[in-house]
Every structure is written in C-alpha cells, then in structure tokens.
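Below is one structure, written out as structure tokens; comments come after it.
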Amino acid sequence: MCNKKLMINNADEAASTVLSQAMIAADQGTFAVGGCIVENSSGRIIKAMHNNALKSLSTTGKVFTFDPTAHGERQLVSWYYANKTALALPEPKDLTVVTTLDPCAMCAGTLLTAGFNVAVVAIDDFAGINYNQSFLFNDLPSNLQILAKSKFGYYACGNEDQDPGTYVRKYVGGSNVVFSNSVVSSENLMGCGDIFQSSVNTVRDNSSDSGLTPDLLANPAKLPDDSLIKTSFRKAYPGAFKLSIPNSRLPNTDLYDLLVDVKNSVPNAENSVAFLDPFGNVVLCFADTFEVSPIQTAFMNVTQSYAKIRHELMDNEEVYKKTEATLTHPKYGTFVFLNAPNPADPATVMMLGAYGSTLEGSVPQIFPANLQYYNHPTEGTVEELTSLIMNLPPFYTQLAQLSIMQTAVSSNE
C-alpha cells in the first residue's frame, strides 16, 4: 500500500514536488534543479533529489565542487540502480523521472541509457538537450533522436485564456510519460525556470575558480607516501601518483599499457580512462563498472572520484591548504580514453556532457587537447563522434568548447 504522503495526481503536483527540491539546491549554493522518480501506474514518488554538484566547505565556508556529475537526474538514476533489488523497484520503462529543467547532455544521455521516461517543466536554452525548443533533438545522432522523442515529454503549461503566451505550452513528447494529459500552472513553470536562472551565473563563477593554475602548484607526487593526499587517492586507485608521464598532454605507451591492463582487469568492461594532473602524474585510472549500473562508465568513475576525494581533502582542516597547493581543477589536467567513445551510444552523450560539467566553464585552450584517446571507436567513426560534439547544445560548443583528439602516440607504436 502506497503512503498517501508520497502520492501525486497530476503534472502540477509533480512540478511543485521538484520545484521544492530546486529550492533546497538554491539554498545549498549549487545549481537550482530538482527531480523525482514517479511510478507511472500509481503516481507514487519513489525518490526525490536535487543538484549536489557543489557543497560548502567547513574549512573556508565557500561552496566548492563536490561532484560535477551530481545533477538531480543523474543522481536519481544512480540511486535507482543502487536500490532496485532491495526495494523491488519497477523497471525504468514503468517509471518517469520528473525534472524542473530540460536535462543537460549528461543527464539526457544518462536517462536514455537507463531507459526511463522523462517529464520536463522548464526549458534550458543553453545546456538543455532541447535547448532550441524544436522537440526534434537534432543535437543527437539519428538513432537517439528517435529514442528521445519516445521517452521525453514536455508538460503542457499555463492557461491560454489568462496567461501570457510565454507561459503557455502544449504537451509534446512520448505517450508513456506520467501525467502527460495534465497541465503545469504558469506559476510553477515560471518558478522552475527562474530559480535556475537566478542561481546559474553565481554558481558557475564559484566553480570555475576552484583551483590554482599549474604554474602555482607543487607536485603532489613529491609528498610522503603516508600523506593523507596520497593515501586518500590510493584507497580509490592503488596506483595513484606511481606512474608519471613526462608531458601530461603527450600520453605515451606506458599509459596505453596501463589502460589496457585496467580494462582487462574488470569483467565486461569496454573501456578505461586515466586522469593526468598537470605534472603528468596518473592520479586515477578506472575501467567501466557495469555491474554497478549501465551508467557507471570509466569516465564517470574517474571524474566523480577525483572531485569527491578533492572535496573531502579540502574539507579537512589539517590538509586543505596542502590540497589547494597540489590538487587543482581538472580542466588543467588530461583525460585519456583507451578507446574513443562510440558516437551512437547514449552513454557517450552522457560522458561528453559529464566532461562539460567537469570543466564547469571554458577549458584553457592548450594544444594538444585535454580530452584524448588512443584507439578509434569500436563502433562508428571518429568523424561521427566529432559531429556529435559539434552539434551539442551551446554550453558545450560555445562555453566549454569541447573537443577530442587522438594521442600523439598511437596504440600500435
């Protein structure tokens, strides 16, 4: 029997639920976006969450990147897979993720990979997957356009007899989205959009300044092996700071061999990714962990782990100054894939979006790029991958300026 307190009956109640989550996010100092998982058949709210990309530090009182991938929708999908068996949760096709804001590329790719239905209240014309409001998803490969049209739904909003046209919209989207036949009030539509816009510039300014430039850093590899910085990373990845590449932007065959070994060490892994700091130290190197969930790719494992460990260290009174002096923003490092992502895979949209969220703004324009790969995609072509990147929403093409390139040293040298 469902708890009535966890039940909702229409799109406007769904919008109110996720707007309350966005308000919590705004108070926390992170992006003001909220979401929830709703059971289609009953209207039961299974889980509600808000953006947690930034959290405050007890050491400085400032908000600081906690996990650039911790958007409401991505967290809901991760929560679902962590609890699916224990809670006997329905399949994703029987659920809808309701969100205050059109999902970014990362969250759109996450939701498509997992197979959830998606209900959207407000539009994001900068990073949202439907940024141009065409509802055609032309920024995605053709196979994913078809999938998105069937899975995504944009709630009807407002009353055309009394509300300004800006706040009136007819429903567009798939037939399996919960409450697709009801309407969100103009007040809730405005609330979901305005609360995000009021938070976004301040948050991006805070997050983009969260690391020293490489010329001001000390090399963390020179720290004692028992230092908390080294031991914290080695708890996650035992090889942290043990292999150093002479030039962090020029990955060599030593790193290639490491990536192959790491991928081969995890059953069913399709890829592996390493993160090099500005000194060329291999800080983290992980493979896909699909036994956790279909969205737990190697890149997601790496970027999430780096941010969370760095936040934990920055939150420690004993080592935060040393952490600040040795660990910087990942935009100054280099992410290296063993295999370039497959362009038609929704998980690639997720990873590219997560990379953009990791950068949190424009990346330093240094050649070679800080996103590289050794091998061509196992499916599709590099040209298709490049086209996918170029067609992403404006945040990724204009602000983050995403690009990817093959390493100078090929895998067969």
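Letters A, B, ... mark the chains of the structure tokens in the order given; residue numbers begin at 1 per chain; ligand numbers begin at 1, in order shown.
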
Write out as JSON lines the residues of segment 183-265 of chain A that have any atom within 10 Å of an atom of segment 275-279 of chain A, one row each with the nearest atom pair and its distance in Å to one decimal, counting only C-alpha atoms, sorted by chain and then rising number.
{"residue": "A:Thr213", "atom": "CA", "partner": "A:Pro278", "partner_atom": "CA", "distance": 9.3}
{"residue": "A:Pro214", "atom": "CA", "partner": "A:Pro278", "partner_atom": "CA", "distance": 6.2}
{"residue": "A:Asp215", "atom": "CA", "partner": "A:Pro278", "partner_atom": "CA", "distance": 9.2}
{"residue": "A:Leu217", "atom": "CA", "partner": "A:Pro278", "partner_atom": "CA", "distance": 8.9}
{"residue": "A:Ala218", "atom": "CA", "partner": "A:Phe279", "partner_atom": "CA", "distance": 9.0}
{"residue": "A:Asn219", "atom": "CA", "partner": "A:Phe279", "partner_atom": "CA", "distance": 6.5}
{"residue": "A:Pro220", "atom": "CA", "partner": "A:Phe279", "partner_atom": "CA", "distance": 8.6}
{"residue": "A:Ala221", "atom": "CA", "partner": "A:Phe279", "partner_atom": "CA", "distance": 8.7}
{"residue": "A:Ala240", "atom": "CA", "partner": "A:Phe275", "partner_atom": "CA", "distance": 9.9}
{"residue": "A:Phe241", "atom": "CA", "partner": "A:Leu276", "partner_atom": "CA", "distance": 9.2}
{"residue": "A:Leu243", "atom": "CA", "partner": "A:Leu276", "partner_atom": "CA", "distance": 9.7}
{"residue": "A:Ser244", "atom": "CA", "partner": "A:Phe279", "partner_atom": "CA", "distance": 7.6}
{"residue": "A:Ile245", "atom": "CA", "partner": "A:Phe279", "partner_atom": "CA", "distance": 7.8}
{"residue": "A:Pro246", "atom": "CA", "partner": "A:Phe279", "partner_atom": "CA", "distance": 7.8}
{"residue": "A:Asn247", "atom": "CA", "partner": "A:Phe279", "partner_atom": "CA", "distance": 7.2}
{"residue": "A:Ser248", "atom": "CA", "partner": "A:Pro278", "partner_atom": "CA", "distance": 5.9}
{"residue": "A:Arg249", "atom": "CA", "partner": "A:Pro278", "partner_atom": "CA", "distance": 8.4}
{"residue": "A:Pro251", "atom": "CA", "partner": "A:Leu276", "partner_atom": "CA", "distance": 9.0}
{"residue": "A:Leu255", "atom": "CA", "partner": "A:Leu276", "partner_atom": "CA", "distance": 9.9}

Exercise for the section: Please provide as a list in words all residues within 8 Å of Thr65 of chain A, with the sequence filter that same-chain residues fewer than 5 positions apart are discarded (counting only C-alpha atoms). Expected result: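 Once the nearby chain positions are removed, what remains is Ala53, Leu54, Lys55, Ser207, Ser210, Ala307 and His311 of chain A.
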
Exercise for the section: Measure the distance from atom CA of Phe395 of chain A to atom CA of Pro103 of chain A in Å and round it to one decimal. Expected result: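 Pair atom CA of Phe395 of chain A / atom CA of Pro103 of chain A returns 12.5 Å.
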
Handout entry: Every residue of segment 74-236 of chain A that DSSP places in alpha helix (DSSP H), as a count of residues only
Key = 66

Exercise for the section: Counting only C-alpha atoms, figure out which residue out of A:Leu338, A:Leu216, A:Leu144, A:Val283 gets nearest to Asn271 of chain A. Expected result: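 Closest to Asn271 of chain A, using only C-alpha atoms: A:Leu338.
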
Exercise for the section: Name all residues at most 9 Å from Val77 of chain A (count only C-alpha atoms; drop same-chain ones fewer than 2 positions away) and give them as a PyMOL selection string. Expected result: chain A and resi 37+72-75+79-82+97+110-111+114+116+293+295

Handout entry: Pairwise distance for atom CA of Gln296 of chain A and atom CA of Ser142 of chain A, rounded to one decimal in Å
Key = 23.9 Å

Problem - Counting only C-alpha atoms, the option among A:Pro393, A:Pro368, A:Gly29, A:Gly193 closest to Phe66 of chain A - result: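 Once distances to Phe66 of chain A are computed over only C-alpha atoms, the minimum belongs to A:Gly29.
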